[in-house]
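What follows is the content of work-v8.cif, which has mmCIF, C-alpha atoms:
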data_start
#
loop_
_atom_site.label_atom_id
_atom_site.label_comp_id
_atom_site.auth_asym_id
_atom_site.auth_seq_id
_atom_site.Cartn_x
_atom_site.Cartn_y
_atom_site.Cartn_z
CA MET A 16 -35.35 14.16 -26.60
CA LYS A 17 -32.42 16.24 -27.88
CA LYS A 18 -32.44 17.21 -31.56
CA ILE A 19 -29.17 17.00 -33.49
CA LEU A 20 -28.63 18.38 -36.99
CA ILE A 21 -25.92 16.74 -39.14
CA ILE A 22 -24.66 18.83 -42.07
CA GLU A 23 -22.52 16.35 -43.99
CA ASP A 24 -22.35 15.58 -47.72
CA GLU A 25 -20.82 12.11 -47.37
CA GLN A 26 -23.90 9.93 -47.13
CA ASP A 27 -22.17 6.89 -45.58
CA ILE A 28 -20.78 9.03 -42.76
CA SER A 29 -23.99 10.93 -42.06
CA ASN A 30 -26.09 7.74 -42.09
CA LEU A 31 -23.69 6.03 -39.68
CA ILE A 32 -23.76 8.98 -37.29
CA LYS A 33 -27.55 9.12 -37.50
CA LYS A 34 -27.91 5.39 -36.83
CA VAL A 35 -25.71 5.53 -33.74
CA LEU A 36 -27.28 8.71 -32.33
CA ASP A 37 -30.85 7.63 -33.04
CA SER A 38 -30.18 4.43 -31.13
CA SER A 39 -29.02 6.58 -28.19
CA HIS A 40 -32.33 8.43 -27.87
CA TYR A 41 -31.36 11.47 -29.91
CA THR A 42 -33.47 12.74 -32.82
CA THR A 43 -31.29 13.49 -35.83
CA THR A 44 -31.81 15.29 -39.12
CA ILE A 45 -29.39 15.09 -42.07
CA ALA A 46 -28.64 17.90 -44.52
CA SER A 47 -26.32 17.06 -47.41
CA ASN A 48 -25.39 20.66 -48.25
CA GLY A 49 -24.96 23.98 -46.53
CA GLU A 50 -28.07 25.68 -47.89
CA ASP A 51 -30.38 22.92 -46.66
CA GLY A 52 -28.44 22.78 -43.41
CA LEU A 53 -29.00 26.47 -42.66
CA LYS A 54 -32.67 26.10 -43.60
CA PHE A 55 -33.15 23.14 -41.24
CA TYR A 56 -31.23 24.97 -38.52
CA LYS A 57 -33.54 28.00 -38.73
CA GLU A 58 -36.67 25.83 -38.82
CA GLU A 59 -35.78 23.21 -36.21
CA ARG A 60 -33.39 25.04 -33.86
CA PRO A 61 -31.48 21.87 -32.96
CA ASP A 62 -29.91 21.28 -29.56
CA LEU A 63 -26.57 20.44 -31.18
CA LEU A 64 -25.11 20.71 -34.67
CA ILE A 65 -22.51 18.45 -36.32
CA LEU A 66 -20.94 20.38 -39.18
CA ASP A 67 -18.62 19.23 -41.94
CA LEU A 68 -16.33 21.95 -43.29
CA THR A 69 -16.09 20.70 -46.88
CA LEU A 70 -19.55 20.97 -48.39
CA PRO A 71 -20.56 21.19 -52.06
CA ASP A 72 -22.04 24.69 -51.87
CA ILE A 73 -21.12 26.65 -48.73
CA ASP A 74 -17.90 26.35 -46.74
CA GLY A 75 -18.54 25.01 -43.25
CA ILE A 76 -16.52 27.85 -41.72
CA ASP A 77 -18.94 30.33 -43.31
CA ILE A 78 -21.88 28.38 -41.90
CA CYS A 79 -20.34 28.45 -38.43
CA ARG A 80 -19.70 32.18 -38.76
CA THR A 81 -23.29 32.82 -39.92
CA ILE A 82 -24.81 30.88 -37.03
CA ARG A 83 -22.59 32.46 -34.41
CA LYS A 84 -23.54 35.99 -35.46
CA GLY A 85 -26.97 35.47 -33.97
CA ASP A 86 -26.66 32.34 -31.84
CA GLU A 87 -23.88 31.78 -29.35
CA ALA A 88 -25.75 29.06 -27.48
CA THR A 89 -26.22 26.13 -29.85
CA PRO A 90 -23.23 23.76 -29.56
CA ILE A 91 -21.37 23.17 -32.83
CA PHE A 92 -19.16 20.13 -33.40
CA ILE A 93 -16.97 20.50 -36.47
CA LEU A 94 -16.27 17.26 -38.29
CA SER A 95 -13.70 17.59 -41.06
CA ALA A 96 -10.87 16.04 -43.02
CA ARG A 97 -9.03 19.33 -42.65
CA ASN A 98 -6.42 18.84 -39.97
CA GLU A 99 -4.36 21.97 -40.57
CA GLU A 100 -3.71 24.19 -37.57
CA ILE A 101 -5.34 27.23 -39.18
CA ASP A 102 -8.60 25.34 -39.74
CA ARG A 103 -8.76 24.08 -36.16
CA ILE A 104 -7.96 27.49 -34.68
CA MET A 105 -10.37 29.29 -37.00
CA GLY A 106 -13.14 26.87 -36.11
CA LEU A 107 -12.59 27.36 -32.38
CA GLU A 108 -12.21 31.12 -32.69
CA LEU A 109 -15.53 31.30 -34.54
CA GLY A 110 -17.20 29.55 -31.63
CA ALA A 111 -17.14 25.84 -32.47
CA ASP A 112 -17.31 23.73 -29.31
CA ASP A 113 -15.29 20.80 -30.63
CA TYR A 114 -13.20 19.93 -33.70
CA ILE A 115 -12.95 16.30 -34.78
CA THR A 116 -10.83 15.26 -37.74
CA LYS A 117 -11.59 12.45 -40.19
CA PRO A 118 -11.14 9.56 -40.01
CA PHE A 119 -12.70 9.42 -36.57
CA SER A 120 -14.14 6.96 -34.10
CA ILE A 121 -17.93 7.01 -34.06
CA ARG A 122 -17.80 5.87 -30.44
CA GLU A 123 -15.57 8.80 -29.52
CA LEU A 124 -17.89 11.23 -31.30
CA LYS A 125 -20.90 9.84 -29.45
CA ALA A 126 -19.02 9.98 -26.13
CA ARG A 127 -18.11 13.62 -26.68
CA ILE A 128 -21.70 14.47 -27.53
CA ASP A 129 -22.99 12.60 -24.47
CA VAL A 130 -20.60 14.46 -22.16
CA PHE A 131 -21.49 17.80 -23.70
CA ILE A 132 -25.24 17.18 -23.46
CA ARG A 133 -24.96 16.04 -19.83
CA ARG A 134 -23.08 19.18 -18.89
CA TRP A 135 -25.67 21.23 -20.73
CA ASP A 136 -28.50 19.50 -18.88
CA ASN A 137 -26.95 20.56 -15.58
CA THR A 138 -27.77 24.18 -16.44
CA THR A 139 -31.26 25.50 -15.79
CA ASN A 140 -32.06 25.93 -19.47
CA LYS A 141 -30.50 26.16 -22.91
CA GLY A 142 -30.19 29.92 -22.77
CA ASN A 143 -28.01 29.76 -19.68
CA PHE A 144 -25.41 27.56 -21.30
CA SER A 145 -23.69 30.41 -23.07
CA ARG A 146 -24.99 33.87 -22.41
CA SER A 147 -22.80 36.18 -24.45
CA THR A 148 -22.48 38.15 -27.64
CA ILE A 149 -20.16 38.06 -30.63
CA THR A 150 -20.43 41.14 -32.83
CA SER A 151 -20.17 41.20 -36.62
CA ASP A 152 -16.53 42.25 -36.19
CA GLY A 153 -15.83 39.17 -34.09
CA GLU A 154 -15.64 41.06 -30.80
CA ILE A 155 -16.57 38.85 -27.84
CA ILE A 156 -18.65 40.64 -25.21
CA ARG A 157 -19.30 38.87 -21.92
CA GLY A 158 -20.75 41.33 -19.41
CA PRO A 159 -18.14 44.08 -18.84
CA LEU A 160 -15.41 42.02 -20.53
CA LYS A 161 -14.68 42.76 -24.19
CA ILE A 162 -12.20 40.86 -26.34
CA ASP A 163 -11.46 42.49 -29.69
CA PRO A 164 -9.57 40.10 -32.02
CA VAL A 165 -9.07 42.75 -34.73
CA ARG A 166 -7.29 45.24 -32.45
CA ARG A 167 -6.14 42.43 -30.16
CA ARG A 168 -7.46 44.43 -27.25
CA VAL A 169 -9.01 43.36 -23.94
CA SER A 170 -11.02 45.72 -21.75
CA VAL A 171 -13.07 45.46 -18.57
CA GLN A 172 -15.75 48.11 -18.10
CA ASP A 173 -14.06 50.01 -20.96
CA GLN A 174 -10.69 50.02 -19.18
CA ILE A 175 -7.93 48.60 -21.37
CA ILE A 176 -6.09 45.64 -19.85
CA ASN A 177 -2.38 45.30 -20.57
CA ILE A 178 -2.07 41.76 -21.88
CA SER A 179 0.64 39.96 -23.83
CA ARG A 180 0.16 38.35 -27.24
CA LYS A 181 0.06 34.78 -25.92
CA GLU A 182 -2.13 35.77 -22.97
CA PHE A 183 -4.58 37.30 -25.44
CA ASP A 184 -4.54 34.17 -27.61
CA ILE A 185 -5.26 31.90 -24.64
CA LEU A 186 -8.03 34.14 -23.26
CA HIS A 187 -9.62 34.43 -26.70
CA LEU A 188 -9.50 30.65 -27.18
CA LEU A 189 -11.18 29.95 -23.84
CA ALA A 190 -13.77 32.73 -24.13
CA SER A 191 -14.72 31.65 -27.66
CA SER A 192 -16.04 28.36 -26.26
CA PRO A 193 -17.45 29.10 -22.78
CA GLY A 194 -18.03 25.99 -20.72
CA LYS A 195 -15.71 23.87 -22.83
CA VAL A 196 -12.79 22.32 -20.94
CA PHE A 197 -9.41 22.75 -22.61
CA SER A 198 -6.54 20.54 -21.53
CA ARG A 199 -3.06 22.08 -21.37
CA GLU A 200 -2.13 20.00 -24.40
CA MET A 201 -5.11 21.38 -26.37
CA ILE A 202 -4.11 24.94 -25.53
CA LEU A 203 -0.51 24.32 -26.52
CA GLU A 204 -1.52 22.80 -29.81
CA SER A 205 -4.10 25.49 -30.59
CA ILE A 206 -1.93 28.49 -29.69
CA TRP A 207 1.59 27.26 -30.46
CA GLY A 208 0.60 24.78 -33.15
CA VAL A 209 2.81 21.96 -31.89
CA GLU A 210 2.84 19.30 -29.22
CA TRP A 211 5.35 20.57 -26.67
CA ASP A 212 5.79 17.48 -24.58
CA GLY A 213 6.91 18.46 -21.11
CA PHE A 214 5.95 22.12 -21.49
CA GLU A 215 2.31 21.78 -20.40
CA ARG A 216 2.97 23.60 -17.12
CA MET A 217 3.95 26.68 -19.10
CA ILE A 218 0.22 27.14 -19.63
CA ASP A 219 -0.28 27.42 -15.86
CA SER A 220 2.02 30.45 -15.76
CA HIS A 221 0.12 32.17 -18.55
CA ILE A 222 -3.24 31.45 -16.88
CA LYS A 223 -1.93 32.82 -13.59
CA ARG A 224 -0.94 36.10 -15.26
CA ILE A 225 -4.29 36.39 -17.07
CA ARG A 226 -6.16 35.84 -13.82
CA SER A 227 -4.12 38.51 -12.04
CA LYS A 228 -5.30 41.01 -14.63
CA LEU A 229 -8.98 40.00 -14.89
CA GLU A 230 -10.06 38.42 -11.63
CA LYS A 231 -11.00 40.33 -8.50
CA ASN A 232 -9.45 37.49 -6.51
CA SER A 233 -6.95 35.52 -8.58
CA ILE A 234 -6.46 33.04 -5.72
CA HIS A 235 -10.13 32.05 -5.99
CA PRO A 236 -10.88 32.66 -9.68
CA GLU A 237 -14.42 32.58 -10.96
CA TRP A 238 -13.92 33.18 -14.67
CA ILE A 239 -11.03 31.07 -15.81
CA GLU A 240 -11.73 27.96 -13.81
CA THR A 241 -9.34 25.12 -13.10
CA ILE A 242 -10.79 21.69 -13.82
CA TRP A 243 -8.52 19.55 -11.69
CA GLY A 244 -6.74 16.80 -13.56
CA VAL A 245 -7.98 18.09 -16.93
CA GLY A 246 -7.29 21.75 -17.67
CA TYR A 247 -9.17 25.05 -17.80
CA ARG A 248 -12.49 26.47 -18.92
CA PHE A 249 -14.10 29.88 -19.22
CA ASN A 250 -17.15 30.30 -16.99
CA ASP A 251 -19.98 32.17 -18.73
CA ASN A 252 -22.29 32.68 -15.77
CA LEU A 253 -23.42 36.29 -16.05
CA GLU A 254 -24.31 36.48 -12.36
CA LYS A 255 -20.60 36.52 -11.55
CA TYR A 256 -19.50 39.30 -13.90
CA ALA A 257 -19.41 41.74 -11.01
CA THR A 258 -16.36 39.92 -9.68
CA LEU A 259 -14.22 40.90 -12.67
CA ARG A 260 -11.51 43.39 -11.85
CA THR A 261 -12.66 46.96 -12.56
CA GLY A 262 -9.43 48.82 -12.09
#
Please, can you express the file's structure as structure tokens?
Amino acid sequence: MKKILIIEDEQDISNLIKKVLDSSHYTTTIASNGEDGLKFYKEERPDLLILDLTLPDIDGIDICRTIRKGDEATPIFILSARNEEIDRIMGLELGADDYITKPFSIRELKARIDVFIRRWDNTTNKGNFSRSTITSDGEIIRGPLKIDPVRRRVSVQDQIINISRKEFDILHLLASSPGKVFSREMILESIWGVEWDGFERMIDSHIKRIRSKLEKNSIHPEWIETIWGVGYRFNDNLEKYATLRTG
């Protein structure tokens, strides 16, 4: 039975989420503040964490950052009344797997969790879901691929890759949440900050250019995968890192 930790200070919301998830064969624990939440996380090592950003003691972003420094595997769903672009992007860049704004549909939340858990169960074990490292400086290291958000630099086997600003932003977004499927609309909104109706195919052009620079065979990509009818995702299977372009 999967364990889910809810860090939420609004009791009505946390109790409702717990009631729905418990009835769906999950085991849930509620923490009403950040300090207790981090304590429960360290003691229980939940299979998934639902995290509110606005807590009475510790900002949820700081909690996400703290967890991701030593744990890239545990899925984190951010649940927040903050709907500003900077909050959503920051949450995703720090490694959150989903960002849901209040008010929200409890059925939608449960559905998203169910889909995520099912995909996770298709891997051999929890450790294989996301095998990667994020350094204290925020650098993402996945095999020979390094993405440095401070210097905005991408390298493969220590060779610098010439990449544009938007290409970097898209790659960083996908690599920050390996395994998560991003629709074209989600990428547009996260990177450009607006809904560009009719411009979704612009994302395809950017993805094509990124693949040409990273993939050994951009016609049959293994790292930035196309999920037909949905969008794109970053594959974090370490066994395939040898296929990344080395020069």
The PyMOL selection byres ((chain A and resi 95-110) around 10) resolved against shown file, as a VMD selection string: chain A and resid 23 66 to 70 75 to 77 79 to 84 86 to 94 111 to 119 149 153 164 184 187 to 193 204 to 209
Give me a file of those residues, with C-alpha atoms, as a compact mmCIF listing (two decimals), in the coordinates of the input.
# COMPACT_ATOMS: atom_id res chain seq x y z
CA GLU A 23 -22.52 16.35 -43.99
CA LEU A 66 -20.94 20.38 -39.18
CA ASP A 67 -18.62 19.23 -41.94
CA LEU A 68 -16.33 21.95 -43.29
CA THR A 69 -16.09 20.70 -46.88
CA LEU A 70 -19.55 20.97 -48.39
CA GLY A 75 -18.54 25.01 -43.25
CA ILE A 76 -16.52 27.85 -41.72
CA ASP A 77 -18.94 30.33 -43.31
CA CYS A 79 -20.34 28.45 -38.43
CA ARG A 80 -19.70 32.18 -38.76
CA THR A 81 -23.29 32.82 -39.92
CA ILE A 82 -24.81 30.88 -37.03
CA ARG A 83 -22.59 32.46 -34.41
CA LYS A 84 -23.54 35.99 -35.46
CA ASP A 86 -26.66 32.34 -31.84
CA GLU A 87 -23.88 31.78 -29.35
CA ALA A 88 -25.75 29.06 -27.48
CA THR A 89 -26.22 26.13 -29.85
CA PRO A 90 -23.23 23.76 -29.56
CA ILE A 91 -21.37 23.17 -32.83
CA PHE A 92 -19.16 20.13 -33.40
CA ILE A 93 -16.97 20.50 -36.47
CA LEU A 94 -16.27 17.26 -38.29
CA ALA A 111 -17.14 25.84 -32.47
CA ASP A 112 -17.31 23.73 -29.31
CA ASP A 113 -15.29 20.80 -30.63
CA TYR A 114 -13.20 19.93 -33.70
CA ILE A 115 -12.95 16.30 -34.78
CA THR A 116 -10.83 15.26 -37.74
CA LYS A 117 -11.59 12.45 -40.19
CA PRO A 118 -11.14 9.56 -40.01
CA PHE A 119 -12.70 9.42 -36.57
CA ILE A 149 -20.16 38.06 -30.63
CA GLY A 153 -15.83 39.17 -34.09
CA PRO A 164 -9.57 40.10 -32.02
CA ASP A 184 -4.54 34.17 -27.61
CA HIS A 187 -9.62 34.43 -26.70
CA LEU A 188 -9.50 30.65 -27.18
CA LEU A 189 -11.18 29.95 -23.84
CA ALA A 190 -13.77 32.73 -24.13
CA SER A 191 -14.72 31.65 -27.66
CA SER A 192 -16.04 28.36 -26.26
CA PRO A 193 -17.45 29.10 -22.78
CA GLU A 204 -1.52 22.80 -29.81
CA SER A 205 -4.10 25.49 -30.59
CA ILE A 206 -1.93 28.49 -29.69
CA TRP A 207 1.59 27.26 -30.46
CA GLY A 208 0.60 24.78 -33.15
CA VAL A 209 2.81 21.96 -31.89
Resolved residues for the PyMOL selection byres ((chain A and resi 31) around 12) as number ranges by chain: A: 21, 23, 25-30, 32-38, 43, 45, 119-122, 124-125
Residues returned when the PyMOL selection byres ((chain A and resi 236) around 10) runs on this file, as a list in words: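 Written out, the selection comes to Lys223, Arg226, Ser227, Leu229, Glu230, Lys231, Asn232, Ser233, Ile234, His235, Glu237, Trp238, Ile239, Glu240, Thr241, Asn250, Thr258 and Leu259 of chain A.
Atom to atom, atom CA of A:Glu200 and atom CA of A:Gly246 stand 8.7 Å apart.
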Atom CA of A:Leu160 to atom CA of A:Gly194, distance in Å rounded to a single decimal: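 Computed distance, atom CA of A:Leu160 to atom CA of A:Gly194, equals 16.2 Å.
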Residues within 9 Å of (-38.7, 18.1, -30.0), file coords, all atoms listed in the file, listed as a ChimeraX atom specification: /A:16-18,42,59,61
Distance of atom CA of A:Trp243 from atom CA of A:Ser179, expressed in Å to one decimal place: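 Computed distance, atom CA of A:Ser179 to atom CA of A:Trp243, equals 25.5 Å.
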For A:Glu154, list every protein, DNA or RNA residue within 8 Å, evaluated using only C-alpha atoms, and leave out those in the same chain fewer than 6 positions away; present the list as a PDB file with C-alpha atoms, in the coordinates of the input.
ATOM      1  CA  LYS A 161     -14.680  42.760 -24.190  1.00  0.00           C
ATOM      2  CA  ILE A 162     -12.200  40.860 -26.340  1.00  0.00           C
ATOM      3  CA  ASP A 163     -11.460  42.490 -29.690  1.00  0.00           C
ATOM      4  CA  PRO A 164      -9.570  40.100 -32.020  1.00  0.00           C
ATOM      5  CA  VAL A 165      -9.070  42.750 -34.730  1.00  0.00           C
TER       6      VAL A 165
END
